[in-house]
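Here's the structure, in structure tokens; my notes come after.
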Amino acid sequence: MRGIFIVMEGPDGSGKSTQIELLKEYLKEQGHEIIVTREPGGTVIGEEIRDIILNPSHKAMSDVTEMLLYAASRAQLMSEVIGPALEEGKIVISDRFVDSSIVYQGIARGLGIETVSNINEPGIGIYKPDCIFFIDISEEEGLRRKKEQKKLDRMEQESIDFHHMVSEGYRRVLSDRDEVVYIDGVDTVEHIQNQIRNALHVRKFL
Ligand code: TYD
């Protein structure tokens, strides 16, 4: 039996992690088996790759290297965690998936949507998200929140122009797709969570 593959997407500081935690608790209370993963990371190998990608001292990293490392982390996560969990009928919630690479590396880094899709294809295989929540937020607000929370990682330290391309890129890539649920990120945590839960019921995933 196939499970349900839910993805949370959005710019840095959009509040994905908070919403995932709340959704996980809600689904557990309902008796579902939930696996939560994050990208880059989510496996031992992937977390090591994450440390390399996000290390602010790696100023020399080329854009292509960055794209390949994200794809490598994702390939490992698919084969080790997401694929098997979906085959076992579990609900998988992933903090980011391939659309992050399409937007950050394909659009903001300028490597191209097609190149990034092709590189990621063998690692993803047959699996496609059933539902993608896009939490939309401006680059200014997103970065303001991040700066309050923690020391910025290598990606977050990119210019405001880069983050502007990310926000615009998300709006372009995630519009007009049936599996995408648009959410305005400038709202209360509770209201956003209610929208997420309602959408899962309306779409008959729950
Ligand atoms: P994330 O884990 O969401 O950051 P944090 O835990 O600090 O909130 O993502 C890490 C960074 O990696 C984020 O800036 C987005 C970026 N990213 C890409 O550029 N491409 C990708 O494919 C993925 C998955 C993330």
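Simple scheme: letters A, B, ... for chains in structure tokens order, numbers from 1 for residues in each chain, numbers from 1 for ligands in the order shown.
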Using only C-alpha atoms and all ligand atoms, what table do you get, as CSV, when you list each residue of chain A with an atom no more than 10 Å from ligand 1, its nearest pair of atoms, and their distance in Å rounded to one decimal, rows by chain then rising number?
```
residue,atom,partner,partner_atom_place_in_ligand_line,distance
A:Met8,CA,ligand 1,3 (O),9.5
A:Glu9,CA,ligand 1,3 (O),8.4
A:Gly10,CA,ligand 1,3 (O),8.2
A:Pro11,CA,ligand 1,15 (C),7.1
A:Asp12,CA,ligand 1,14 (O),5.6
A:Gly13,CA,ligand 1,8 (O),6.4
A:Ser14,CA,ligand 1,8 (O),8.5
A:Gly15,CA,ligand 1,8 (O),8.1
A:Lys16,CA,ligand 1,3 (O),7.6
A:Ser17,CA,ligand 1,8 (O),7.3
A:Arg38,CA,ligand 1,2 (O),6.4
A:Glu39,CA,ligand 1,24 (C),4.4
A:Pro40,CA,ligand 1,24 (C),4.9
A:Gly41,CA,ligand 1,2 (O),8.0
A:Arg50,CA,ligand 1,10 (C),8.0
A:Ile53,CA,ligand 1,12 (O),7.8
A:Leu54,CA,ligand 1,11 (C),6.9
A:Asp63,CA,ligand 1,19 (O),10.0
A:Glu66,CA,ligand 1,19 (O),7.9
A:Met67,CA,ligand 1,20 (N),7.2
A:Leu68,CA,ligand 1,22 (O),9.3
A:Leu69,CA,ligand 1,22 (O),8.7
A:Tyr70,CA,ligand 1,22 (O),5.1
A:Ala71,CA,ligand 1,22 (O),6.9
A:Ala72,CA,ligand 1,22 (O),9.8
A:Ser73,CA,ligand 1,24 (C),8.5
A:Arg74,CA,ligand 1,24 (C),7.7
A:Ser94,CA,ligand 1,24 (C),9.7
A:Asp95,CA,ligand 1,3 (O),6.7
A:Arg96,CA,ligand 1,24 (C),5.2
A:Phe97,CA,ligand 1,24 (C),5.6
A:Val98,CA,ligand 1,22 (O),5.8
A:Asp99,CA,ligand 1,22 (O),7.0
A:Ser100,CA,ligand 1,22 (O),4.4
A:Ser101,CA,ligand 1,22 (O),3.4
A:Ile102,CA,ligand 1,22 (O),7.1
A:Val103,CA,ligand 1,20 (N),7.4
A:Tyr104,CA,ligand 1,19 (O),4.5
A:Gln105,CA,ligand 1,19 (O),6.0
A:Gly106,CA,ligand 1,20 (N),9.1
A:Ala108,CA,ligand 1,19 (O),8.8
A:Arg109,CA,ligand 1,19 (O),8.9
A:Val116,CA,ligand 1,22 (O),9.4
A:Asn120,CA,ligand 1,22 (O),9.6
A:Lys146,CA,ligand 1,8 (O),7.7
A:Gln149,CA,ligand 1,7 (O),9.5
A:Lys150,CA,ligand 1,7 (O),8.4
A:Lys151,CA,ligand 1,7 (O),9.1
A:Leu152,CA,ligand 1,7 (O),7.5
A:Asp153,CA,ligand 1,7 (O),6.6
A:Arg154,CA,ligand 1,14 (O),7.6
A:Met155,CA,ligand 1,14 (O),4.6
A:Glu156,CA,ligand 1,14 (O),5.3
A:Gln157,CA,ligand 1,14 (O),8.7
A:Glu158,CA,ligand 1,14 (O),8.9
A:His163,CA,ligand 1,14 (O),9.1
A:Val166,CA,ligand 1,19 (O),9.1
```
- Message: Which of range 64-188 of chain A end up as strand (DSSP E) when DSSP is run on this backbone - answer as an MDAnalysis selection string?
- Response: chainID A and resid 91:95 131:136 180:184
- Any chance you could list, as a ChimeraX atom specification, the residues in range 114-194 of chain A that come up helix (DSSP H, G or I) when DSSP is run on the backbone? /A:114-124,139-149,160-173,189-194
- Query: Counting only C-alpha atoms, what is within 12 Å of Glu88 in chain A, bar same-chain residues fewer than 3 positions away, as a VMD selection string?
  - Reply: chain A and resid 1 to 5 33 to 35 81 to 85 91 to 92
Could the residues in this selection be saved with C-alpha atoms as a JSON list (two decimals), in the first residue's frame?
```json
[["chain", "number", "residue", "atom", "x", "y", "z"],
["A", 1, "MET", "CA", 0.00, 0.00, 0.00],
["A", 2, "ARG", "CA", 1.21, 3.51, -0.78],
["A", 3, "GLY", "CA", 1.35, 6.10, 1.99],
["A", 4, "ILE", "CA", 0.91, 9.85, 1.71],
["A", 5, "PHE", "CA", 3.81, 12.14, 0.78],
["A", 33, "GLU", "CA", 2.19, 6.53, 11.53],
["A", 34, "ILE", "CA", 4.28, 9.58, 10.67],
["A", 35, "ILE", "CA", 7.82, 10.00, 9.42],
["A", 81, "VAL", "CA", 13.75, 6.71, 4.31],
["A", 82, "ILE", "CA", 11.03, 8.19, 2.11],
["A", 83, "GLY", "CA", 10.66, 5.38, -0.44],
["A", 84, "PRO", "CA", 10.45, 2.56, 2.16],
["A", 85, "ALA", "CA", 8.09, 4.57, 4.42],
["A", 91, "ILE", "CA", 2.57, 9.44, 6.09],
["A", 92, "VAL", "CA", 5.82, 11.20, 5.21]]
```
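The smallest atom-to-atom distance between Leu22 in chain A and any of A:Leu86, A:Ile132, A:Ile93, A:Ile137, using only C-alpha atoms, is found for A:Ile93.
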